[in-house]
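> Right, I'll just put the structure down here and ask away after.
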Amino acid sequence: MNARPPRIAIVAGEASGDLLGSHLIRAVRERCPNAEFVGIAGPKMIFAGARTLYSMEKLAVNGYAEVLRHLPELLRIRRRLKQQIIAQQPDLFIGIDAPDFNLDLEIALKKRGIPTMHFVSPSIWAWRGGRIRKIARAVSHMLVVFPFEAEIYRKAGIPVTYVGHPLADSLPLHPDRKAVRERLNLPAQAPIVALLPGSRVSELKHHAQLFVDTARLLHERYPNMRFIVPMVSRATRELFSTALHAADPVPPVQIMIGHADYAMTAADLVLVASGTATLEAALLKRPMVITYRVARLTAWLMRKRAYLPWVGLPNILSGRMLAPEILQDEATPQHLADAIAALWDDPKLRAVQEQTFMQMHHSLRRDTAQRIAEAVLPFLPSCD
């Protein structure tokens with residue numbers, strides 16, 4: 001009798017995890033073509049070959065207040081998923097980011113003898129550093145995407161592999177803005193700002209009107225300026241469209257489904273909600289302004305527990321306020337419009353960001369697919 005195919009249970013909780021998960025699945029399948037992936041996956045992971053048991057959007061909530069409202073459903077999903085995974089007895093479980101959901105699940109599975117891997121370290125270097133004790137109980141192996149993270153886990157005695165960031169391998173060092181503008185039917189010479197208000201419905205509730213009003217103010221100041229906004233789902237697109245059509249006057253905004261990389265490549269500047277999208281913008285060498293709003297309780301708790309003066313990944317990686325961060329109550333349409341205008345009016349400011357982003361891109365290019373496969377394959381005996 002033939003052995004069953006290698007089986008990996010996998011969970012991603014939002015669009016950035018879906019993107020990372022799709023890279024991971026392809027990397028493993030290049031070396032182990034019959035590997036099966038099942039759990040909670042988004043559209044990119046499904047396209048790469050994963051089977052999803054629950055909608056990924058159920059997990060895509062952020063902040064203490066927001067999570068509390070959805071907690072009963074999240075706990076119910078996690079309980080059922082744990083039972084399903086234990087029944088299937090996979091060779092490995094991989095949790096992709098989403099630590100508040102995945103770490104407890106990993107602890108339960110590890111106790112049942114299922115090896116667990118976590119891909120993308122929680123930002124314990126930025127806040128809530130005490131979580132490393134929980135991580136030690138939860139994971140058999142940690143995959144980290146930033147070079148400074150590996151030493152943190154080695155000191156804690158947690159097996160770790162620095163794999164680099166998949167986006168650094170997949171995104172070009174020199175993006176072709178002209179070609180992408182032609183592909184998107186955008187004017188070749190007009191200034192274009194990409195708007196990235198977030199991938200979660202909860203983020204759009206905080207950011208949609210803010211971004212639309214910022215675009216309106218910028219268009220008043222620069223009448224030839226155009227805007228492009230990629231949305232990851234129908235729900236987020238509807239929220240943004242509602243805010244857009246409520247504006248008076250309505251700024252010239254082109255809404256896309258997906259293809260955030262195209263939108264940012266085509267743009268001269270990016271206004272982006274803090275998160276993985278800031279790193280993607282940096283790897284595309286796009287000058288940016290970073291913003292974010294959350295519920296007041298969430299903001300207060302995060303400030304109390306934060307270790308670093310920055311929230312944006314490009315600033316954390318460069319160790320300085322490279323891209324302006326305008327957060328919470330300071331995040332008004334006027335402040336954001338002024339920050340974008342300052343970048344547009346000063347080529348030297350843009351050049352400093354672009355040069356630093358190029359250096360960052362080189363530092364994160366590490367043949368990530370190869371490193372992921374080398375870390376995962378030892379857990380899949382039938383791939384030996």
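Note on naming: chains are A, B, ... as they come in the structure tokens, residues start from 1 per chain, ligands start from 1 in the order shown.
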Among region 118-317 of chain A, which residues carry a DSSP assignment of helix (DSSP H, G or I), reported as JSON, numbers by chain?

{"A": [131, 132, 133, 134, 135, 136, 137, 138, 149, 150, 151, 152, 153, 154, 155, 166, 167, 168, 169, 170, 177, 178, 179, 180, 181, 182, 183, 201, 202, 203, 204, 205, 206, 207, 208, 209, 210, 211, 212, 213, 214, 215, 216, 217, 218, 219, 220, 221, 234, 235, 236, 237, 238, 239, 240, 241, 242, 243, 244, 245, 246, 260, 261, 262, 263, 264, 265, 266, 276, 277, 278, 279, 280, 281, 282, 283, 296, 297, 298, 299, 300, 301, 302, 303, 304, 305, 313, 314, 315, 316, 317]}

> Atoms to include: C-alpha atoms. Write the selected residues as a short mmCIF file (atom, residue, chain, number, x, y, z; two decimals), in the first residue's frame.


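What ended up in selection-v3.cif:
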data_model
loop_
_atom_site.label_atom_id
_atom_site.label_comp_id
_atom_site.auth_asym_id
_atom_site.auth_seq_id
_atom_site.Cartn_x
_atom_site.Cartn_y
_atom_site.Cartn_z
CA ARG A 131 4.94 36.46 24.38
CA ILE A 132 8.20 34.70 23.63
CA ARG A 133 7.49 32.34 26.56
CA LYS A 134 4.18 31.39 24.98
CA ILE A 135 5.86 31.00 21.59
CA ALA A 136 8.35 28.58 23.14
CA ARG A 137 5.43 26.38 24.27
CA ALA A 138 3.66 26.71 20.93
CA GLU A 149 14.75 38.31 14.64
CA ALA A 150 16.74 35.07 14.47
CA GLU A 151 19.03 35.95 17.37
CA ILE A 152 16.03 36.71 19.62
CA TYR A 153 14.77 33.15 19.17
CA ARG A 154 18.18 31.53 19.45
CA LYS A 155 18.71 33.22 22.82
CA PRO A 166 9.26 36.31 -0.06
CA LEU A 167 8.28 39.72 -1.37
CA ALA A 168 11.95 40.69 -1.67
CA ASP A 169 12.47 37.75 -4.03
CA SER A 170 9.27 38.17 -6.04
CA ARG A 177 6.32 52.19 -13.77
CA LYS A 178 5.72 53.18 -17.38
CA ALA A 179 4.70 49.67 -18.43
CA VAL A 180 2.35 49.22 -15.47
CA ARG A 181 0.69 52.57 -16.12
CA GLU A 182 0.06 51.50 -19.69
CA ARG A 183 -1.35 48.18 -18.47
CA VAL A 201 -13.24 45.45 6.88
CA SER A 202 -12.42 46.83 10.34
CA GLU A 203 -9.59 48.90 8.84
CA LEU A 204 -11.82 50.31 6.12
CA LYS A 205 -14.33 51.42 8.74
CA HIS A 206 -11.60 53.58 10.26
CA HIS A 207 -9.83 54.60 7.06
CA ALA A 208 -12.17 54.78 4.06
CA GLN A 209 -13.54 58.27 4.64
CA LEU A 210 -10.14 59.49 5.86
CA PHE A 211 -8.43 58.40 2.65
CA VAL A 212 -11.19 59.73 0.40
CA ASP A 213 -11.15 63.14 2.10
CA THR A 214 -7.36 63.25 1.85
CA ALA A 215 -7.60 62.55 -1.88
CA ARG A 216 -10.19 65.31 -2.23
CA LEU A 217 -7.90 67.86 -0.55
CA LEU A 218 -4.93 66.80 -2.65
CA HIS A 219 -6.95 67.06 -5.86
CA GLU A 220 -7.95 70.61 -4.92
CA ARG A 221 -4.24 71.45 -4.51
CA ARG A 234 -15.95 42.88 -2.39
CA ALA A 235 -16.76 43.94 1.19
CA THR A 236 -13.83 46.36 1.43
CA ARG A 237 -14.55 47.68 -2.05
CA GLU A 238 -18.15 48.45 -1.10
CA LEU A 239 -17.07 50.31 2.03
CA PHE A 240 -14.58 52.42 0.09
CA SER A 241 -17.04 53.07 -2.76
CA THR A 242 -19.66 54.29 -0.29
CA ALA A 243 -17.18 56.75 1.22
CA LEU A 244 -16.03 57.87 -2.22
CA HIS A 245 -19.52 58.61 -3.53
CA ALA A 246 -20.31 60.58 -0.36
CA ALA A 260 -1.77 46.16 -4.88
CA ASP A 261 1.71 45.70 -6.37
CA TYR A 262 0.52 47.13 -9.70
CA ALA A 263 -1.14 50.09 -7.98
CA MET A 264 2.00 50.95 -6.02
CA THR A 265 4.32 50.42 -8.98
CA ALA A 266 2.24 52.80 -11.07
CA THR A 276 2.79 44.53 5.49
CA ALA A 277 1.72 46.88 2.69
CA THR A 278 4.31 49.39 3.95
CA LEU A 279 7.05 46.83 3.34
CA GLU A 280 5.67 46.06 -0.12
CA ALA A 281 5.70 49.78 -0.94
CA ALA A 282 9.30 50.01 0.27
CA LEU A 283 10.37 47.04 -1.86
CA ARG A 296 -9.30 54.34 21.30
CA LEU A 297 -8.96 51.46 23.77
CA THR A 298 -6.76 49.54 21.35
CA ALA A 299 -4.59 52.60 20.72
CA TRP A 300 -4.14 53.23 24.45
CA LEU A 301 -3.17 49.63 25.17
CA MET A 302 -0.73 49.51 22.26
CA ARG A 303 0.99 52.72 23.37
CA LYS A 304 1.37 51.34 26.89
CA ARG A 305 3.08 48.18 25.63
CA LEU A 313 8.05 48.37 8.97
CA PRO A 314 10.30 50.54 6.74
CA ASN A 315 11.03 52.80 9.71
CA ILE A 316 11.63 49.87 12.06
CA LEU A 317 14.01 48.22 9.59
#

> Within 10 Å of Met117 (chain A), counting only C-alpha atoms, which residues show up once you throw out same-chain ones fewer than 5 positions away? Write them as a count of residues only, please.

20

> With distances taken over only C-alpha atoms, which residue among A:Val294, A:Ala247, A:Leu271, A:Ala98 lies nearest Leu336 (chain A)?

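Result for the nearest residue to Leu336 (chain A): A:Leu271.
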
> Write out as a list in words the residues lying within 7 Å of Gly312 (chain A), counting only C-alpha atoms and excluding same-chain residues fewer than 6 positions away.

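Non-adjacent residues within range: Ser274, Gly275, Thr278 and Ile290 of chain A.
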
> Of the candidates A:Pro324, A:Gly157, A:Pro43, A:Pro309, which one gets nearest to Gly258 (chain A) if we count only C-alpha atoms?

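Ranked by minimum distance to Gly258 (chain A), first place goes to A:Pro43.
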
> Could you check which of A:Tyr292, A:Tyr54, A:Phe148, A:Phe227 is closest to Arg80 (chain A), using only C-alpha atoms?

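Among the listed residues, A:Tyr54 lies closest to Arg80 (chain A).
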
> Under the rule that only C-alpha atoms are counted, which of A:Gly113, A:Pro122, A:Pro347, A:Pro99 is the nearest residue to Ile85 (chain A)?

A:Gly113

> Just list as a ChimeraX atom specification whatever in region 2-207 of chain A DSSP marks as strand (DSSP E or B).

/A:7-12,36-41,50-55,92-96,116-119,127,141-144,160-162,192-196

> Using N, CA and C atoms, can you export the residues from the last selection as a compact mmCIF listing (two decimals), in the first residue's frame?


# COMPACT_ATOMS: atom_id res chain seq x y z
N ARG A 7 0.89 15.71 4.44
CA ARG A 7 -0.27 16.55 4.76
C ARG A 7 0.16 17.66 5.72
N ILE A 8 -0.13 18.90 5.34
CA ILE A 8 0.21 20.07 6.16
C ILE A 8 -1.07 20.83 6.46
N ALA A 9 -1.38 20.99 7.74
CA ALA A 9 -2.46 21.89 8.15
C ALA A 9 -1.89 23.30 8.21
N ILE A 10 -2.67 24.28 7.76
CA ILE A 10 -2.13 25.63 7.62
C ILE A 10 -3.23 26.65 7.88
N VAL A 11 -2.88 27.75 8.53
CA VAL A 11 -3.86 28.80 8.84
C VAL A 11 -3.24 30.16 8.58
N ALA A 12 -3.90 30.96 7.74
CA ALA A 12 -3.57 32.37 7.54
C ALA A 12 -4.79 33.19 7.93
N GLU A 36 -0.19 18.04 0.52
CA GLU A 36 -1.55 18.56 0.67
C GLU A 36 -1.57 19.63 1.75
N PHE A 37 -2.29 20.72 1.49
CA PHE A 37 -2.43 21.81 2.44
C PHE A 37 -3.91 22.04 2.70
N VAL A 38 -4.31 22.04 3.97
CA VAL A 38 -5.71 22.24 4.32
C VAL A 38 -5.80 23.00 5.63
N GLY A 39 -6.77 23.91 5.74
CA GLY A 39 -6.94 24.68 6.97
C GLY A 39 -7.78 25.92 6.71
N ILE A 40 -7.20 27.08 6.94
CA ILE A 40 -7.86 28.36 6.64
C ILE A 40 -6.96 29.13 5.70
N ALA A 41 -7.46 29.39 4.51
CA ALA A 41 -6.64 29.97 3.44
C ALA A 41 -7.42 31.06 2.73
N ALA A 50 -4.12 25.15 -1.77
CA ALA A 50 -4.64 24.86 -0.44
C ALA A 50 -6.15 24.66 -0.49
N ARG A 51 -6.65 23.88 0.46
CA ARG A 51 -8.10 23.71 0.64
C ARG A 51 -8.48 24.37 1.95
N THR A 52 -9.50 25.22 1.89
CA THR A 52 -9.87 25.97 3.09
C THR A 52 -11.15 25.41 3.70
N LEU A 53 -11.18 25.36 5.02
CA LEU A 53 -12.33 24.84 5.76
C LEU A 53 -13.23 25.97 6.25
N TYR A 54 -12.67 27.17 6.39
CA TYR A 54 -13.43 28.34 6.86
C TYR A 54 -12.96 29.56 6.07
N SER A 55 -13.81 30.57 6.00
CA SER A 55 -13.45 31.80 5.32
C SER A 55 -12.36 32.52 6.09
N LEU A 92 2.49 18.18 9.83
CA LEU A 92 2.97 19.47 10.31
C LEU A 92 1.81 20.45 10.30
N PHE A 93 1.80 21.34 11.29
CA PHE A 93 0.89 22.49 11.27
C PHE A 93 1.73 23.75 11.09
N ILE A 94 1.28 24.64 10.19
CA ILE A 94 1.96 25.92 9.99
C ILE A 94 0.96 27.05 10.23
N GLY A 95 1.25 27.86 11.24
CA GLY A 95 0.47 29.07 11.46
C GLY A 95 1.18 30.25 10.84
N ILE A 96 0.48 30.98 10.00
CA ILE A 96 1.08 32.12 9.30
C ILE A 96 0.59 33.40 9.96
N THR A 116 4.67 21.79 15.07
CA THR A 116 4.10 23.09 14.73
C THR A 116 5.19 24.04 14.27
N MET A 117 4.86 24.80 13.25
CA MET A 117 5.77 25.81 12.72
C MET A 117 5.01 27.12 12.64
N HIS A 118 5.67 28.21 12.96
CA HIS A 118 5.04 29.53 12.84
C HIS A 118 5.87 30.35 11.86
N PHE A 119 5.18 30.92 10.85
CA PHE A 119 5.83 31.68 9.80
C PHE A 119 5.49 33.15 9.99
N TRP A 127 6.63 45.22 20.75
CA TRP A 127 5.75 45.29 21.90
C TRP A 127 5.38 43.87 22.32
N HIS A 141 9.24 25.03 15.48
CA HIS A 141 10.23 25.73 14.65
C HIS A 141 9.62 27.06 14.22
N MET A 142 10.42 28.11 14.28
CA MET A 142 9.98 29.44 13.88
C MET A 142 10.68 29.84 12.59
N LEU A 143 9.90 30.37 11.63
CA LEU A 143 10.46 30.95 10.41
C LEU A 143 10.33 32.47 10.53
N VAL A 144 11.44 33.19 10.43
CA VAL A 144 11.41 34.65 10.55
C VAL A 144 11.83 35.30 9.25
N VAL A 160 14.96 28.13 15.01
CA VAL A 160 14.56 29.23 14.14
C VAL A 160 15.34 29.18 12.85
N THR A 161 14.70 29.62 11.76
CA THR A 161 15.37 29.79 10.46
C THR A 161 15.01 31.16 9.91
N TYR A 162 16.03 31.95 9.57
CA TYR A 162 15.79 33.21 8.87
C TYR A 162 15.67 32.88 7.39
N ILE A 192 0.41 60.41 -9.66
CA ILE A 192 -0.54 59.38 -9.20
C ILE A 192 -0.18 58.97 -7.78
N VAL A 193 -1.20 58.92 -6.94
CA VAL A 193 -1.03 58.48 -5.55
C VAL A 193 -1.81 57.19 -5.36
N ALA A 194 -1.12 56.15 -4.89
CA ALA A 194 -1.79 54.90 -4.54
C ALA A 194 -2.30 55.01 -3.11
N LEU A 195 -3.55 54.66 -2.91
CA LEU A 195 -4.18 54.68 -1.58
C LEU A 195 -4.36 53.25 -1.12
N LEU A 196 -3.77 52.92 0.03
CA LEU A 196 -3.91 51.57 0.57
C LEU A 196 -4.44 51.67 2.01

> Please determine, counting only C-alpha atoms, which residue among A:Thr368, A:Gln353, A:Asn224, A:Asn34 has the shortest atom-to-atom distance to Leu380 (chain A).

A:Asn34

> Rounded to one decimal in Å, what is the spacing between CA of Arg366 (chain A) and CA of Ala48 (chain A)?

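Result for CA of Arg366 (chain A) versus CA of Ala48 (chain A): 21.5 Å, one decimal.
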
> With a distance cut-off of 10 Å and only C-alpha atoms, select the neighbouring residues of Ala373 (chain A), excluding the residue or stretch itself and same-chain residues fewer than 5 positions from it, and output the selection as an mmCIF file with N, CA and C atoms, in the first residue's frame.


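Result file selection_35.cif:
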data_model
loop_
_atom_site.group_PDB
_atom_site.id
_atom_site.type_symbol
_atom_site.label_atom_id
_atom_site.label_comp_id
_atom_site.auth_asym_id
_atom_site.auth_seq_id
_atom_site.Cartn_x
_atom_site.Cartn_y
_atom_site.Cartn_z
ATOM 1 N N LEU A 24 4.822 30.123 0.426
ATOM 2 C CA LEU A 24 5.249 28.929 1.152
ATOM 3 C C LEU A 24 4.757 27.661 0.468
ATOM 4 N N ILE A 25 3.494 27.641 0.077
ATOM 5 C CA ILE A 25 2.932 26.451 -0.567
ATOM 6 C C ILE A 25 3.683 26.125 -1.852
ATOM 7 N N ARG A 26 3.923 27.141 -2.652
ATOM 8 C CA ARG A 26 4.640 26.895 -3.914
ATOM 9 C C ARG A 26 6.064 26.426 -3.647
ATOM 10 N N ALA A 27 6.718 27.018 -2.622
ATOM 11 C CA ALA A 27 8.098 26.615 -2.308
ATOM 12 C C ALA A 27 8.154 25.143 -1.908
ATOM 13 N N VAL A 28 7.218 24.697 -1.089
ATOM 14 C CA VAL A 28 7.205 23.303 -0.646
ATOM 15 C C VAL A 28 6.846 22.382 -1.799
ATOM 16 N N ARG A 29 5.881 22.773 -2.610
ATOM 17 C CA ARG A 29 5.431 21.898 -3.693
ATOM 18 C C ARG A 29 6.460 21.767 -4.810
ATOM 19 N N GLU A 30 7.368 22.718 -4.914
ATOM 20 C CA GLU A 30 8.452 22.558 -5.893
ATOM 21 C C GLU A 30 9.304 21.344 -5.551
ATOM 22 N N ARG A 31 9.449 21.067 -4.265
ATOM 23 C CA ARG A 31 10.256 19.930 -3.817
ATOM 24 C C ARG A 31 9.403 18.715 -3.456
ATOM 25 N N CYS A 32 8.140 18.942 -3.160
ATOM 26 C CA CYS A 32 7.242 17.866 -2.729
ATOM 27 C C CYS A 32 5.894 18.079 -3.410
ATOM 28 N N VAL A 163 14.495 33.142 6.819
ATOM 29 C CA VAL A 163 14.249 32.773 5.427
ATOM 30 C C VAL A 163 14.262 33.971 4.485
ATOM 31 N N THR A 368 14.216 32.957 -0.599
ATOM 32 C CA THR A 368 13.310 32.545 0.462
ATOM 33 C C THR A 368 12.676 31.196 0.191
ATOM 34 N N PRO A 378 12.053 18.477 6.359
ATOM 35 C CA PRO A 378 12.360 17.481 7.370
ATOM 36 C C PRO A 378 11.156 17.012 8.182
#

> Would you mind reading off the distance between CA of Ala188 (chain A) and CA of Val352 (chain A), one decimal, in Å?

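A separation of 23.6 Å between them.
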
> Interatomic distance between CA of Asp329 (chain A) and CA of Met288 (chain A)?

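Atom-to-atom, CA of Asp329 (chain A) to CA of Met288 (chain A), that is 19.4 Å.
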